[in-house]
Amino acid sequence: MNRICVLGLGYIGLPTAALAASSGLKVIGVDIDPEVVRSLGNGRAHIAEPDLDVLLDRVLKNESLIVQTTPCQADIFLVAVPTPITEEKTADLSYVESAIRSVVPVVQKGNLVIVESTIPPGTTEGVVSKILTESGLVIGEDLYVAHCPERVLPGRILEELVNNDRVIGGINRESALAARQFYEEFVRGALFLTNARTAEMVKLVENAYRDVNIAFANELSLMCSHLGVNVWDVIDFANRHPRVNILRPGPGVGGHCIAVDPWFLVEKAPQSTSLIATARSINDLMPEHVVAKVASAVPPGARVACLGASYKADVGDTRESPAIQVIEDLIAKGYVVNVVDPYVSKMNGKSLPLTTLDEALDTAECVVLLVDHSEFKLLDAAKLKEKFANGKLIDTRGIWTRTDGACPFQGIAPKPAKRGLVGVRCSNTQIVDPQVMQNIFGPTDTYLLSTCLESTTR
Ligand SMILES: NC(=O)c1ccc[n+]([C@@H]2O[C@H](COP(=O)([O-])OP(=O)(O)OC[C@H]3O[C@@H](n4cnc5c(N)ncnc54)[C@H](O)[C@@H]3O)[C@@H](O)[C@H]2O)c1
């Protein structure tokens, strides 16, 4: 096993191809987009991901990775093409189908086909294997087929590709084992083997789990807004419960995965996915609530600064971004929108009314924070609150309006936990009273107390 053909050189396929090439495999990267191939041919990645440029530079120069627009013979074919949703909220498998069709003429006996694209349960057997029978090979005997979903976080893709645990679903035992042999070449995380349908479910369930939990946080923020309570305080305090961990609300859910994948479950099991479908709807409606807040603060025609356009902090990916939806809705309603995003230059091919942070804040009548990029966290919250009072500062990510547990009654600070003071063990045999410790270290020197606790309880 030494030649790998990776189909789809996007956020998933390109780092995977580069990593496989750097671990000693011969990799042929294939993308139907000639721009992608041309840019890589010139040694430049078309996606931004930490450390990817350095890795690519090496593997492209030593030709362990070559790129082209059509697949060729190889030992393993790895498919990482898009799986968007249709207007009807069903999986659009046309990219997967066409990628698999493109390898039919070149697959040979003993090859392995791995699908990494996120797909609905039953697709590896019902769609992928079915198309591959057109090669004349016996699936599972002459040609091995597996699904291994990807669960990396943009911004940390290379690191997570190596260190995350992987679930490998084979259409039979031999396929699962063959796929494991491939991932062993560069994955340090644990490799779990199962059947293809389970692996397909695992990926979708992970994203549905996140989506449902975000929907709960978003519903909480709607409730709190209605009831006049600071949602960030409610969440901070509730999360002090040892078994509660509420996520943070926001302007909606974006990205290629969480906003899309739960629909694949709804599509396949509509009768038993009411919670998942409801969560999707709650998250999908969040941009409308943000626009309604702007409308209650300033009338159409007002100048609104929208801070952030990407789907999450510190990345330039705008796919399914709720921020873009807010921006588009505000423009459609007649607001004069200025967008600030240090990571984004265009949205889905269209241009954005981008401006600098200073200019946007100087001229705005209302400010909407849509993405918690690091740059925005550095702004002076007190000044912003003063300048944009009376609901004109809409902070959907809670970076300026959360109080971090501060008491609303003046002059009262939270009392810290007594953990680390009571019953400090000073040696193997002695448990010393905190008063004794304080006599030794002084009344306020808690740093020494906690250091002592740490070193004596190891
Ligand atoms: N981006 C993520 O963070 C992420 C995480 C986990 C899973 N996934 C899943 O991985 C899959 C790929 O996602 P992505 O983000 O890398 O997509 P992407 O859009 O960044 O890249 C896909 C690439 O595939 C190419 N392509 C389309 N049809 C092709 C074909 N027939 N042959 C060769 N190339 C073809 C496109 O030109 C594009 O460059 C999707 O199913 C996605 O849901 C993505």
# chains A, B, ... in the order shown; residues from 1 in each chain; ligands from 1
>>> residues_near_ligand(ligand="ligand 1", cutoff="7 Å", atoms="only C-alpha atoms and all ligand atoms", output="PyMOL selection string")
chain A and resi 7-13+30-33+36+80-83+95-96+98-99+102+116-119+149-154+256-257
>>> write_last_selection(atoms="N, CA and C atoms", output="compact mmCIF listing (two decimals), in the first residue's frame")
# COMPACT_ATOMS: atom_id res chain seq x y z
N LEU A 7 -9.60 12.54 -3.39
CA LEU A 7 -10.53 13.31 -4.24
C LEU A 7 -11.20 14.41 -3.42
N GLY A 8 -10.98 15.66 -3.82
CA GLY A 8 -11.53 16.80 -3.09
C GLY A 8 -10.42 17.39 -2.23
N LEU A 9 -9.88 18.55 -2.66
CA LEU A 9 -8.75 19.15 -1.92
C LEU A 9 -9.21 20.40 -1.19
N GLY A 10 -10.23 20.24 -0.35
CA GLY A 10 -10.73 21.38 0.43
C GLY A 10 -10.21 21.32 1.85
N TYR A 11 -11.02 21.83 2.79
CA TYR A 11 -10.62 21.91 4.19
C TYR A 11 -10.21 20.55 4.76
N ILE A 12 -10.83 19.48 4.29
CA ILE A 12 -10.52 18.15 4.81
C ILE A 12 -9.50 17.43 3.92
N GLY A 13 -9.79 17.38 2.63
CA GLY A 13 -8.95 16.59 1.73
C GLY A 13 -7.52 17.09 1.63
N VAL A 30 -6.61 15.17 -6.10
CA VAL A 30 -7.46 15.44 -7.26
C VAL A 30 -8.55 16.44 -6.88
N ASP A 31 -8.70 17.48 -7.68
CA ASP A 31 -9.84 18.39 -7.48
C ASP A 31 -10.37 18.80 -8.84
N ILE A 32 -11.71 18.81 -8.94
CA ILE A 32 -12.29 19.16 -10.25
C ILE A 32 -12.19 20.66 -10.53
N ASP A 33 -11.88 21.43 -9.48
CA ASP A 33 -11.75 22.88 -9.67
C ASP A 33 -10.34 23.19 -10.18
N VAL A 36 -8.12 25.45 -8.01
CA VAL A 36 -7.51 24.83 -6.83
C VAL A 36 -6.22 24.14 -7.24
N ALA A 80 -13.21 13.17 -0.18
CA ALA A 80 -13.53 14.24 0.78
C ALA A 80 -14.16 15.41 0.02
N VAL A 81 -15.27 15.12 -0.64
CA VAL A 81 -15.96 16.15 -1.43
C VAL A 81 -17.15 16.68 -0.63
N PRO A 82 -17.72 17.81 -1.02
CA PRO A 82 -18.80 18.42 -0.21
C PRO A 82 -20.07 17.57 -0.18
N THR A 83 -20.80 17.71 0.93
CA THR A 83 -22.15 17.12 1.03
C THR A 83 -23.09 18.17 1.60
N TYR A 95 -22.09 15.34 -5.35
CA TYR A 95 -20.62 15.42 -5.41
C TYR A 95 -19.99 14.06 -5.09
N VAL A 96 -20.56 13.38 -4.08
CA VAL A 96 -20.04 12.05 -3.70
C VAL A 96 -20.26 11.09 -4.87
N SER A 98 -20.59 11.70 -8.01
CA SER A 98 -19.75 11.95 -9.19
C SER A 98 -18.28 11.62 -8.90
N ALA A 99 -17.83 11.85 -7.65
CA ALA A 99 -16.44 11.48 -7.30
C ALA A 99 -16.26 9.97 -7.41
N SER A 102 -16.12 8.81 -10.87
CA SER A 102 -14.86 9.14 -11.56
C SER A 102 -13.75 8.13 -11.26
N GLU A 116 -14.72 9.95 3.32
CA GLU A 116 -14.62 10.76 4.55
C GLU A 116 -15.72 11.82 4.58
N SER A 117 -16.33 12.11 3.44
CA SER A 117 -17.42 13.09 3.42
C SER A 117 -18.51 12.64 4.39
N THR A 118 -19.18 13.61 5.00
CA THR A 118 -20.28 13.29 5.92
C THR A 118 -21.49 12.85 5.10
N ILE A 119 -22.03 11.69 5.43
CA ILE A 119 -23.12 11.15 4.60
C ILE A 119 -24.23 10.53 5.46
N PRO A 149 -15.61 9.03 9.07
CA PRO A 149 -15.97 10.46 9.15
C PRO A 149 -14.86 11.28 9.76
N GLU A 150 -14.85 12.54 9.38
CA GLU A 150 -13.85 13.49 9.86
C GLU A 150 -14.48 14.35 10.94
N ARG A 151 -13.74 14.63 12.01
CA ARG A 151 -14.32 15.42 13.12
C ARG A 151 -13.35 16.52 13.57
N VAL A 152 -12.57 17.05 12.61
CA VAL A 152 -11.59 18.07 12.98
C VAL A 152 -12.21 19.46 13.15
N LEU A 153 -11.49 20.29 13.87
CA LEU A 153 -11.93 21.67 14.11
C LEU A 153 -11.13 22.60 13.22
N PRO A 154 -11.79 23.37 12.33
CA PRO A 154 -11.03 24.33 11.54
C PRO A 154 -10.20 25.23 12.44
N HIS A 256 -19.97 24.23 7.90
CA HIS A 256 -20.32 23.17 6.97
C HIS A 256 -20.98 21.98 7.67
N CYS A 257 -20.81 21.88 9.00
CA CYS A 257 -21.21 20.63 9.68
C CYS A 257 -22.46 20.78 10.55
>>> residues_around(residues="Arg101 of chain A", least_positions_apart="2", cutoff="9 Å", atoms="only C-alpha atoms", output="PyMOL selection string")
chain A and resi 96-99+103-105+128+131-132+134
>>> residues_around(residues="Ala21 of chain A", least_positions_apart="4", cutoff="8 Å", atoms="only C-alpha atoms", output="PyMOL selection string")
chain A and resi 17+25-27+59+64-65
>>> residues_around(residues="Thr90 of chain A", least_positions_apart="6", cutoff="10 Å", atoms="only C-alpha atoms", output="ChimeraX atom specification")
/A:83-84,120,260-261,263-268
>>> write_last_selection(atoms="N, CA and C atoms", output="JSON list (two decimals), in the first residue's frame")
[["chain", "number", "residue", "atom", "x", "y", "z"],
["A", 83, "THR", "N", -20.80, 17.71, 0.93],
["A", 83, "THR", "CA", -22.15, 17.12, 1.03],
["A", 83, "THR", "C", -23.09, 18.17, 1.60],
["A", 84, "PRO", "N", -23.48, 19.13, 0.78],
["A", 84, "PRO", "CA", -24.38, 20.19, 1.27],
["A", 84, "PRO", "C", -25.83, 19.69, 1.42],
["A", 120, "PRO", "N", -25.46, 10.50, 4.97],
["A", 120, "PRO", "CA", -26.55, 9.91, 5.75],
["A", 120, "PRO", "C", -26.37, 8.39, 5.92],
["A", 260, "VAL", "N", -25.76, 21.71, 9.11],
["A", 260, "VAL", "CA", -26.20, 20.89, 7.98],
["A", 260, "VAL", "C", -26.52, 19.45, 8.38],
["A", 261, "ASP", "N", -25.56, 18.83, 9.06],
["A", 261, "ASP", "CA", -25.63, 17.38, 9.28],
["A", 261, "ASP", "C", -26.88, 16.88, 10.03],
["A", 263, "TRP", "N", -29.80, 17.64, 9.67],
["A", 263, "TRP", "CA", -30.89, 17.41, 8.71],
["A", 263, "TRP", "C", -30.81, 16.02, 8.07],
["A", 264, "PHE", "N", -29.59, 15.46, 7.97],
["A", 264, "PHE", "CA", -29.44, 14.13, 7.37],
["A", 264, "PHE", "C", -30.14, 13.07, 8.25],
["A", 265, "LEU", "N", -30.13, 13.32, 9.57],
["A", 265, "LEU", "CA", -30.83, 12.39, 10.48],
["A", 265, "LEU", "C", -32.34, 12.57, 10.34],
["A", 266, "VAL", "N", -32.74, 13.85, 10.25],
["A", 266, "VAL", "CA", -34.18, 14.13, 10.10],
["A", 266, "VAL", "C", -34.69, 13.50, 8.80],
["A", 267, "GLU", "N", -33.88, 13.60, 7.76],
["A", 267, "GLU", "CA", -34.27, 13.03, 6.47],
["A", 267, "GLU", "C", -34.48, 11.52, 6.57],
["A", 268, "LYS", "N", -33.59, 10.85, 7.28],
["A", 268, "LYS", "CA", -33.64, 9.39, 7.32],
["A", 268, "LYS", "C", -34.60, 8.84, 8.36]]
>>> residues_around(residues="Ile246 of chain A", least_positions_apart="4", cutoff="9 Å", atoms="only C-alpha atoms", output="VMD selection string")
chain A and resid 213 to 214 216 to 217 235 to 236 238 to 239
>>> write_last_selection(atoms="C-alpha atoms", output="mmCIF file, in the first residue's frame")
data_model
loop_
_atom_site.group_PDB
_atom_site.id
_atom_site.type_symbol
_atom_site.label_atom_id
_atom_site.label_comp_id
_atom_site.auth_asym_id
_atom_site.auth_seq_id
_atom_site.Cartn_x
_atom_site.Cartn_y
_atom_site.Cartn_z
ATOM 1 C CA ASN A 213 -27.195 21.999 23.106
ATOM 2 C CA ILE A 214 -26.605 25.284 21.273
ATOM 3 C CA PHE A 216 -30.971 25.195 24.364
ATOM 4 C CA ALA A 217 -28.563 28.088 25.014
ATOM 5 C CA ILE A 235 -25.424 30.580 32.350
ATOM 6 C CA ASP A 236 -22.345 31.421 34.432
ATOM 7 C CA ALA A 238 -26.029 27.649 36.416
ATOM 8 C CA ASN A 239 -22.714 26.199 35.232
#
>>> residues_around(residues="Leu55 of chain A", least_positions_apart="2", cutoff="12 Å", atoms="only C-alpha atoms", output="mmCIF file with N, CA and C atoms, in the first residue's frame")
data_model
loop_
_atom_site.group_PDB
_atom_site.id
_atom_site.type_symbol
_atom_site.label_atom_id
_atom_site.label_comp_id
_atom_site.auth_asym_id
_atom_site.auth_seq_id
_atom_site.Cartn_x
_atom_site.Cartn_y
_atom_site.Cartn_z
ATOM 1 N N LEU A 14 -7.336 18.413 1.577
ATOM 2 C CA LEU A 14 -5.979 18.941 1.369
ATOM 3 C C LEU A 14 -5.061 18.664 2.569
ATOM 4 N N PRO A 15 -5.482 19.002 3.804
ATOM 5 C CA PRO A 15 -4.599 18.668 4.932
ATOM 6 C C PRO A 15 -4.361 17.156 5.047
ATOM 7 N N THR A 16 -5.375 16.352 4.740
ATOM 8 C CA THR A 16 -5.209 14.891 4.821
ATOM 9 C C THR A 16 -4.182 14.434 3.786
ATOM 10 N N ALA A 17 -4.304 14.961 2.568
ATOM 11 C CA ALA A 17 -3.366 14.588 1.506
ATOM 12 C C ALA A 17 -1.944 14.992 1.901
ATOM 13 N N ALA A 18 -1.791 16.207 2.438
ATOM 14 C CA ALA A 18 -0.456 16.702 2.807
ATOM 15 C C ALA A 18 0.143 15.859 3.931
ATOM 16 N N LEU A 19 -0.697 15.514 4.893
ATOM 17 C CA LEU A 19 -0.216 14.723 6.032
ATOM 18 C C LEU A 19 0.179 13.313 5.588
ATOM 19 N N ALA A 20 -0.655 12.697 4.753
ATOM 20 C CA ALA A 20 -0.348 11.345 4.262
ATOM 21 C C ALA A 20 0.965 11.391 3.473
ATOM 22 N N ALA A 21 1.140 12.441 2.662
ATOM 23 C CA ALA A 21 2.359 12.557 1.857
ATOM 24 C C ALA A 21 3.581 12.728 2.770
ATOM 25 N N SER A 22 3.394 13.503 3.855
ATOM 26 C CA SER A 22 4.548 13.734 4.730
ATOM 27 C C SER A 22 4.882 12.504 5.568
ATOM 28 N N SER A 23 3.946 11.532 5.620
ATOM 29 C CA SER A 23 4.261 10.325 6.400
ATOM 30 C C SER A 23 4.798 9.210 5.496
ATOM 31 N N GLY A 43 2.309 26.113 -5.592
ATOM 32 C CA GLY A 43 2.798 25.985 -4.213
ATOM 33 C C GLY A 43 1.984 26.740 -3.186
ATOM 34 N N ARG A 44 0.767 27.188 -3.557
ATOM 35 C CA ARG A 44 -0.041 27.976 -2.610
ATOM 36 C C ARG A 44 -1.333 27.258 -2.256
ATOM 37 N N ALA A 45 -1.641 27.200 -0.948
ATOM 38 C CA ALA A 45 -2.917 26.607 -0.525
ATOM 39 C C ALA A 45 -4.025 27.633 -0.735
ATOM 40 N N GLU A 49 -5.013 27.599 6.966
ATOM 41 C CA GLU A 49 -5.021 26.676 8.098
ATOM 42 C C GLU A 49 -3.612 26.682 8.695
ATOM 43 N N PRO A 50 -3.497 26.845 10.019
ATOM 44 C CA PRO A 50 -2.163 26.953 10.606
ATOM 45 C C PRO A 50 -1.244 25.797 10.193
ATOM 46 N N ASP A 51 -0.032 26.127 9.824
ATOM 47 C CA ASP A 51 1.051 25.180 9.475
ATOM 48 C C ASP A 51 0.849 24.446 8.154
ATOM 49 N N LEU A 52 -0.282 24.651 7.501
ATOM 50 C CA LEU A 52 -0.532 23.908 6.256
ATOM 51 C C LEU A 52 0.437 24.336 5.155
ATOM 52 N N ASP A 53 0.714 25.647 5.071
ATOM 53 C CA ASP A 53 1.604 26.141 4.005
ATOM 54 C C ASP A 53 2.986 25.499 4.082
ATOM 55 N N ASP A 57 4.460 23.081 1.266
ATOM 56 C CA ASP A 57 5.681 23.472 0.583
ATOM 57 C C ASP A 57 6.623 22.266 0.480
ATOM 58 N N ARG A 58 6.739 21.551 1.596
ATOM 59 C CA ARG A 58 7.666 20.403 1.625
ATOM 60 C C ARG A 58 7.196 19.282 0.701
ATOM 61 N N VAL A 59 5.899 18.887 0.845
ATOM 62 C CA VAL A 59 5.446 17.691 0.106
ATOM 63 C C VAL A 59 5.240 17.975 -1.382
ATOM 64 N N LEU A 60 4.971 19.244 -1.712
ATOM 65 C CA LEU A 60 4.846 19.568 -3.144
ATOM 66 C C LEU A 60 6.231 19.630 -3.787
ATOM 67 N N LYS A 61 7.187 20.181 -3.036
ATOM 68 C CA LYS A 61 8.555 20.289 -3.588
ATOM 69 C C LYS A 61 9.179 18.904 -3.777
ATOM 70 N N ASN A 62 8.985 18.009 -2.797
ATOM 71 C CA ASN A 62 9.621 16.687 -2.967
ATOM 72 C C ASN A 62 8.723 15.708 -3.739
ATOM 73 N N SER A 64 6.044 14.206 -3.119
ATOM 74 C CA SER A 64 5.291 13.111 -2.482
ATOM 75 C C SER A 64 3.791 13.429 -2.618
ATOM 76 N N LEU A 65 3.461 14.691 -2.878
ATOM 77 C CA LEU A 65 2.085 15.075 -3.248
ATOM 78 C C LEU A 65 2.109 15.745 -4.618
ATOM 79 N N LEU A 158 -4.671 20.228 11.284
ATOM 80 C CA LEU A 158 -3.505 19.328 11.193
ATOM 81 C C LEU A 158 -3.265 18.605 12.514
#
>>> select_by_dssp(residues="segment 178-410 of chain A", states="strand (DSSP E)", output="list in words")
Leu191, Phe192, Leu193, Thr194, Asn195, Arg303, Val304, Ala305, Cys306, Leu307, Val336, Val337, Asn338, Val339, Val340, Lys346, Met347, Lys350, Ser351, Cys366, Val367, Val368, Leu369, Leu393, Ile394 and Asp395 of chain A
>>> residues_around(residues="Gly170 of chain A", least_positions_apart="2", cutoff="9 Å", atoms="only C-alpha atoms", output="list in words")
Ile114, Thr124, Gly140, Tyr144, Val145, Ala146, His147, Cys148, Ile168, Asn172, Arg173, Glu174, Ser175, Ala176, Leu177, Ala178, Ala179, Leu193, Thr194, Asn195, Ala196, Arg197 and Ala199 of chain A
>>> closest_residue(among="A:Asp358, A:Ser374, A:Val234, A:Glu219", to="His289 of chain A", atoms="only C-alpha atoms")
A:Glu219
>>> select_by_dssp(residues="segment 342-403 of chain A", states="alpha helix (DSSP H)", output="list in words")
Leu357, Asp358, Glu359, Ala360, Leu361, Asp362, Thr363, Ser374, Glu375, Phe376, Lys377, Ala381, Ala382, Lys383, Leu384, Lys385, Glu386 and Lys387 of chain A
>>> write_last_selection(atoms="C-alpha atoms", output="PDB file, in the first residue's frame")
ATOM      1  CA  LEU A 357     -13.182  48.920  12.707  1.00  0.00           C
ATOM      2  CA  ASP A 358     -12.481  52.583  13.512  1.00  0.00           C
ATOM      3  CA  GLU A 359     -14.587  53.873  10.640  1.00  0.00           C
ATOM      4  CA  ALA A 360     -17.469  51.518  11.415  1.00  0.00           C
ATOM      5  CA  LEU A 361     -17.572  52.484  15.088  1.00  0.00           C
ATOM      6  CA  ASP A 362     -17.139  56.207  14.392  1.00  0.00           C
ATOM      7  CA  THR A 363     -20.061  56.385  11.998  1.00  0.00           C
ATOM      8  CA  SER A 374     -10.096  38.142  19.229  1.00  0.00           C
ATOM      9  CA  GLU A 375      -9.714  41.680  17.813  1.00  0.00           C
ATOM     10  CA  PHE A 376     -13.195  42.660  19.032  1.00  0.00           C
ATOM     11  CA  LYS A 377     -12.508  41.408  22.539  1.00  0.00           C
ATOM     12  CA  ALA A 381     -16.538  47.664  26.569  1.00  0.00           C
ATOM     13  CA  ALA A 382     -17.314  50.549  28.935  1.00  0.00           C
ATOM     14  CA  LYS A 383     -16.833  53.128  26.175  1.00  0.00           C
ATOM     15  CA  LEU A 384     -18.970  51.131  23.760  1.00  0.00           C
ATOM     16  CA  LYS A 385     -21.762  50.775  26.320  1.00  0.00           C
ATOM     17  CA  GLU A 386     -21.685  54.494  26.957  1.00  0.00           C
ATOM     18  CA  LYS A 387     -21.681  55.468  23.284  1.00  0.00           C
TER      19      LYS A 387
END
>>> atom_distance(atom1="atom CA of Val202 of chain A", atom2="atom CA of Ile100 of chain A")
22.2 Å
>>> atom_distance(atom1="atom CA of Ala323 of chain A", atom2="atom CA of Ala309 of chain A")
5.0 Å
>>> closest_atom_pairs(of="segment 228-280 of chain A", to="segment 393-399 of chain A", cutoff="9 Å", atoms="only C-alpha atoms", output="tab-separated table")
residue	atom	partner	partner_atom	distance
A:Val231	CA	A:Gly398	CA	8.8
A:Trp232	CA	A:Gly398	CA	6.7
A:Arg248	CA	A:Arg397	CA	7.5
A:Pro249	CA	A:Arg397	CA	6.7
A:Gly250	CA	A:Thr396	CA	5.1
A:Pro251	CA	A:Thr396	CA	5.8
